[in-house]
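The structure file query_20.txt is reproduced below (compact mmCIF, C-alpha atoms).
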```txt
# COMPACT_ATOMS: atom_id res chain seq x y z
CA VAL A 1100 0.00 0.00 0.00
CA VAL A 1101 1.54 3.30 -1.08
CA ASN A 1102 1.68 6.54 0.87
CA GLY A 1103 -0.29 9.64 0.04
CA ILE A 1104 0.28 13.39 -0.15
CA ASP A 1105 -1.74 16.32 1.15
CA THR A 1106 -3.48 17.41 -2.04
CA ASP A 1107 -4.64 20.64 -0.39
CA ILE A 1108 -1.07 21.74 0.26
CA TYR A 1109 0.34 20.34 -2.99
CA ASN A 1110 -2.14 22.02 -5.28
CA PRO A 1111 -0.95 23.95 -8.34
CA GLU A 1112 -4.12 26.06 -8.27
CA THR A 1113 -3.62 27.37 -4.73
CA ASP A 1114 -0.01 26.73 -3.62
CA ASN A 1115 1.02 29.89 -1.77
CA LEU A 1116 4.72 29.24 -2.45
CA LEU A 1117 4.18 29.74 -6.18
CA GLU A 1118 4.01 33.03 -8.01
CA TYR A 1119 1.81 31.62 -10.76
CA HIS A 1120 -1.01 29.09 -10.47
CA PHE A 1121 -2.32 26.64 -13.04
CA ASN A 1122 -4.34 23.49 -13.63
CA LYS A 1123 -4.51 20.66 -16.15
CA ASP A 1124 -6.76 22.68 -18.45
CA ASP A 1125 -4.58 25.79 -18.45
CA LEU A 1126 -0.82 25.26 -18.15
CA SER A 1127 0.12 28.87 -18.89
CA GLY A 1128 0.95 29.38 -15.22
CA LYS A 1129 3.31 26.40 -15.32
CA LEU A 1130 5.19 28.00 -18.21
CA ALA A 1131 5.35 31.29 -16.28
CA ASN A 1132 6.81 29.41 -13.30
CA LYS A 1133 9.37 27.80 -15.60
CA ARG A 1134 10.53 31.17 -16.88
CA ALA A 1135 10.70 32.57 -13.33
CA LEU A 1136 12.72 29.58 -12.08
CA GLN A 1137 15.15 29.70 -14.99
CA GLU A 1138 15.80 33.36 -14.25
CA LYS A 1139 16.08 32.76 -10.50
CA VAL A 1140 18.70 30.01 -10.74
CA GLY A 1141 20.72 31.63 -13.53
CA LEU A 1142 19.71 29.50 -16.51
CA LEU A 1143 18.81 30.92 -19.90
CA VAL A 1144 15.10 31.72 -20.04
CA ARG A 1145 13.87 29.38 -22.79
CA ASP A 1146 10.41 27.97 -23.29
CA ASP A 1147 11.56 25.33 -25.76
CA VAL A 1148 14.17 23.51 -23.67
CA PRO A 1149 13.16 20.66 -21.33
CA LEU A 1150 13.83 21.63 -17.73
CA VAL A 1151 14.71 18.64 -15.52
CA GLY A 1152 14.28 18.94 -11.77
CA ILE A 1153 15.98 17.09 -8.93
CA VAL A 1154 14.96 17.56 -5.29
CA SER A 1155 16.58 14.94 -3.10
CA ARG A 1156 19.07 13.79 -0.57
CA LEU A 1157 22.24 13.22 -2.56
CA THR A 1158 23.06 9.65 -1.58
CA TRP A 1159 23.98 6.28 -3.05
CA GLN A 1160 20.51 4.96 -2.16
CA LYS A 1161 18.96 7.64 -4.37
CA GLY A 1162 21.07 6.52 -7.34
CA PHE A 1163 23.17 9.63 -7.73
CA ASP A 1164 26.34 7.69 -8.47
CA LEU A 1165 24.66 6.71 -11.74
CA VAL A 1166 23.58 10.29 -12.44
CA VAL A 1167 27.08 11.67 -11.84
CA ASP A 1168 28.54 8.97 -14.11
CA GLN A 1169 26.13 9.93 -16.92
CA LEU A 1170 26.01 13.71 -16.52
CA HIS A 1171 28.56 14.43 -19.24
CA ASN A 1172 26.41 12.44 -21.69
CA LEU A 1173 23.16 13.97 -20.50
CA LEU A 1174 24.45 17.51 -20.76
CA GLN A 1175 25.35 17.02 -24.42
CA ASP A 1176 21.59 17.10 -25.10
CA ASP A 1177 19.65 20.34 -25.30
CA VAL A 1178 18.43 20.24 -21.71
CA GLN A 1179 18.58 22.25 -18.52
CA ILE A 1180 18.84 20.75 -15.02
CA VAL A 1181 18.06 22.40 -11.72
CA LEU A 1182 19.14 20.46 -8.65
CA LEU A 1183 18.30 21.09 -5.00
CA GLY A 1184 19.70 18.93 -2.24
CA THR A 1185 22.41 18.05 0.23
CA GLY A 1186 23.99 14.76 1.20
CA ASP A 1187 27.17 12.86 0.53
CA PRO A 1188 30.00 15.42 0.19
CA SER A 1189 31.35 13.65 -2.90
CA PHE A 1190 28.01 14.07 -4.68
CA GLU A 1191 27.69 17.66 -3.52
CA GLN A 1192 31.14 18.41 -4.93
CA SER A 1193 30.45 16.59 -8.19
CA PHE A 1194 27.22 18.46 -8.88
CA ALA A 1195 28.84 21.76 -7.89
CA TRP A 1196 31.64 21.04 -10.38
CA PHE A 1197 29.18 20.28 -13.18
CA GLY A 1198 27.33 23.48 -12.34
CA GLN A 1199 30.54 25.43 -12.87
CA ALA A 1200 31.50 23.48 -16.01
CA TYR A 1201 28.03 23.80 -17.59
CA PRO A 1202 26.60 27.01 -16.08
CA GLU A 1203 24.18 27.47 -18.97
CA LYS A 1204 22.75 23.97 -18.48
CA LEU A 1205 22.94 22.98 -14.81
CA SER A 1206 22.13 24.91 -11.65
CA ALA A 1207 23.36 23.07 -8.55
CA ASN A 1208 21.76 24.38 -5.36
CA ILE A 1209 23.46 22.54 -2.51
CA THR A 1210 21.13 23.63 0.25
CA PHE A 1211 17.71 23.10 1.83
CA ASP A 1212 14.98 25.47 0.62
CA VAL A 1213 11.27 24.62 0.88
CA LYS A 1214 10.16 27.40 -1.46
CA LEU A 1215 12.70 26.49 -4.14
CA ALA A 1216 11.64 22.86 -3.89
CA GLN A 1217 8.03 23.78 -4.63
CA GLU A 1218 9.12 26.00 -7.51
CA ILE A 1219 11.07 23.08 -8.99
CA TYR A 1220 8.10 20.72 -8.70
CA ALA A 1221 5.84 23.26 -10.38
CA ALA A 1222 8.14 24.68 -13.05
CA CYS A 1223 10.00 21.71 -14.46
CA ASP A 1224 9.02 19.50 -17.36
CA MET A 1225 10.60 16.34 -15.92
CA PHE A 1226 11.62 15.14 -12.47
CA LEU A 1227 14.58 12.79 -12.12
CA MET A 1228 14.36 10.13 -9.39
CA PRO A 1229 16.66 7.16 -10.15
CA SER A 1230 16.60 5.60 -6.67
CA ARG A 1231 18.45 2.34 -6.14
CA PHE A 1232 15.66 1.34 -3.75
CA GLU A 1233 12.58 3.32 -2.67
CA PRO A 1234 9.94 1.80 -0.32
CA CYS A 1235 7.44 4.37 -1.53
CA GLY A 1236 8.71 7.87 -2.22
CA LEU A 1237 6.74 11.10 -2.19
CA SER A 1238 8.61 13.36 -4.58
CA GLN A 1239 7.36 11.58 -7.69
CA MET A 1240 3.76 12.04 -6.48
CA MET A 1241 4.30 15.73 -5.81
CA ALA A 1242 5.92 16.18 -9.21
CA MET A 1243 2.99 14.52 -10.99
CA ARG A 1244 0.54 16.70 -9.07
CA TYR A 1245 2.21 19.69 -10.78
CA GLY A 1246 2.36 18.14 -14.25
CA THR A 1247 6.08 17.44 -14.01
CA LEU A 1248 6.69 13.99 -15.47
CA PRO A 1249 8.90 11.72 -13.35
CA LEU A 1250 11.74 9.73 -14.84
CA VAL A 1251 12.39 6.91 -12.40
CA HIS A 1252 14.09 3.59 -11.82
CA GLU A 1253 11.39 0.90 -11.72
CA VAL A 1254 11.75 -0.15 -8.11
CA GLY A 1255 9.50 -0.31 -5.04
CA GLY A 1256 7.08 2.56 -4.72
CA LEU A 1257 8.35 4.22 -7.89
CA ARG A 1258 7.20 1.23 -9.89
CA ASP A 1259 3.87 1.27 -8.02
CA THR A 1260 3.10 4.96 -8.60
CA VAL A 1261 4.62 5.93 -11.98
CA GLN A 1262 2.99 4.40 -15.05
CA PRO A 1263 5.57 4.38 -17.87
CA TYR A 1264 4.65 5.95 -21.18
CA ASN A 1265 3.04 3.57 -23.66
CA VAL A 1266 3.78 4.70 -27.19
CA VAL A 1267 0.92 2.61 -28.61
CA ASP A 1268 -2.01 4.12 -26.70
CA GLY A 1269 -0.45 7.23 -25.13
CA SER A 1270 -1.15 6.09 -21.58
CA GLY A 1271 1.24 6.77 -18.73
CA THR A 1272 2.33 9.36 -16.20
CA GLY A 1273 6.09 9.38 -16.74
CA PHE A 1274 9.11 7.42 -17.92
CA SER A 1275 11.07 4.59 -16.35
CA PHE A 1276 13.94 2.13 -16.74
CA ASN A 1277 14.20 -1.25 -15.04
CA ASN A 1278 17.93 -1.78 -14.84
CA LEU A 1279 20.15 0.61 -12.89
CA SER A 1280 22.76 1.05 -15.59
CA GLY A 1281 24.02 3.85 -17.75
CA TYR A 1282 22.62 2.23 -20.89
CA TRP A 1283 19.05 1.99 -19.63
CA PHE A 1284 19.20 5.37 -17.90
CA ASN A 1285 20.19 7.01 -21.18
CA TRP A 1286 17.53 5.01 -23.01
CA ALA A 1287 14.82 6.43 -20.73
CA VAL A 1288 16.19 9.96 -21.05
CA ASP A 1289 16.25 9.65 -24.85
CA GLU A 1290 12.66 8.37 -24.86
CA ALA A 1291 11.47 11.28 -22.71
CA LEU A 1292 13.30 13.86 -24.82
CA ALA A 1293 11.93 12.35 -28.04
CA VAL A 1294 8.36 12.72 -26.78
CA TYR A 1295 9.01 16.23 -25.47
CA TYR A 1296 10.46 17.46 -28.76
CA ASN A 1297 8.53 15.43 -31.31
CA ASN A 1298 5.09 14.65 -29.91
CA LYS A 1299 3.64 17.53 -27.92
CA GLN A 1300 0.15 16.03 -28.01
CA ALA A 1301 1.42 12.89 -26.27
CA TRP A 1302 3.40 15.01 -23.79
CA TYR A 1303 0.36 17.07 -22.80
CA GLY A 1304 -1.64 13.87 -22.50
CA LEU A 1305 0.91 12.48 -20.05
CA GLN A 1306 0.80 15.70 -18.05
CA GLU A 1307 -2.99 15.57 -17.79
CA GLN A 1308 -2.91 11.90 -16.78
CA ALA A 1309 -0.27 12.62 -14.14
CA MET A 1310 -2.14 15.61 -12.71
CA THR A 1311 -5.39 13.68 -12.39
CA ARG A 1312 -3.89 10.70 -10.54
CA ASP A 1313 -5.34 10.38 -7.04
CA PHE A 1314 -2.51 10.31 -4.52
CA SER A 1315 -4.58 11.83 -1.70
CA TRP A 1316 -4.36 10.51 1.85
CA ASP A 1317 -8.09 9.71 1.69
CA THR A 1318 -7.41 7.16 -1.02
CA ALA A 1319 -4.21 5.86 0.59
CA SER A 1320 -5.90 5.42 3.98
CA GLN A 1321 -8.78 3.55 2.35
CA ARG A 1322 -6.29 1.11 0.88
CA TYR A 1323 -4.78 0.59 4.35
CA ASN A 1324 -8.26 0.02 5.74
CA ASP A 1325 -9.11 -2.46 2.98
CA LEU A 1326 -5.87 -4.33 3.63
CA TYR A 1327 -6.56 -4.44 7.38
CA GLN A 1328 -10.09 -5.74 6.82
CA SER A 1329 -8.78 -8.52 4.60
CA LEU A 1330 -6.42 -9.86 7.30
```
Target encoding structure tokens, full file:
Amino acid sequence: VVNGIDTDIYNPETDNLLEYHFNKDDLSGKLANKRALQEKVGLLVRDDVPLVGIVSRLTWQKGFDLVVDQLHNLLQDDVQIVLLGTGDPSFEQSFAWFGQAYPEKLSANITFDVKLAQEIYAACDMFLMPSRFEPCGLSQMMAMRYGTLPLVHEVGGLRDTVQPYNVVDGSGTGFSFNNLSGYWFNWAVDEALAVYYNNKQAWYGLQEQAMTRDFSWDTASQRYNDLYQSL
């Protein structure tokens, strides 16, 4: 049984930490948040580039050894990355170095900032969460609530909550890979970028499907109750 999130607090229509509000039927506020975040963290203000968010503890469990290993490859694509987090000093130093080496593409914010976290959830196009193991996870649910499509390793609660994109029928709420390796990580990134750049209708469909998923505590608690009653 998966966890839930407070859908009153994590609500793109009312979130008081956001400058611009939006919903699944009108994403203009999401684009405005994207522009504001790009300017805030020192990235070029571009509507057409996919903005990838990371909000996490920077640890081995969260899969950031894989991300660091693949960052040179990832940053050859036309993408921007905004990272927020603290953790293992080696990961902090690595991301800080990449931020200096690719200042036009990666903003590394090695700190804790609740407001910036919400701005990342709301403004980004994708949310990277390649955890090595994840009993449930909440960040992917919060990202989907704001129409930010998660890209995850298919493990634990990430597998349970993120439905991978199906190219045949357009269903899904994000992208995933089932082997924690550079090859499959890059495969998932390439798939997400291909949809973003080449099939906007499918992308918007995924956003709508993600935003309408019910991750409320009411639903989660009902599942707990159903499980208890079955014992």
Inset, instruction - Would you mind telling me which residue in A:Phe1197, A:Phe1190, A:Phe1314, A:Trp1286 lies nearest to Leu1170 in chain A when using all atoms listed in the file? - result: A:Phe1197
Inset, instruction - Show which residues sit within 9 Å of Ala1301 in chain A, as a PyMOL selection string. Count only C-alpha atoms, and ignore same-chain residues fewer than 3 positions away. - result: chain A and resi 1266+1269-1270+1294-1295+1298+1304-1306
Legend entry - Which residue of A:Ser1275, A:Asn1132, A:Ser1315, A:Thr1113 approaches Met1241 in chain A most closely, using all atoms listed in the file: A:Ser1315
Inset, instruction - Please return, as a ChimeraX atom specification, all polymer residues that have at least one atom within 8 Å of the point (9.0, 22.5, -27.7); use all atoms listed in the file and the file's own coordinate frame. - result: /A:1146-1149,1295-1297,1299
Legend entry - Two-atom distance - CA of Lys1123 in chain A, CA of Glu1307 in chain A (Å):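 Separating CA of Lys1123 in chain A from CA of Glu1307 in chain A is a distance of 5.6 Å.
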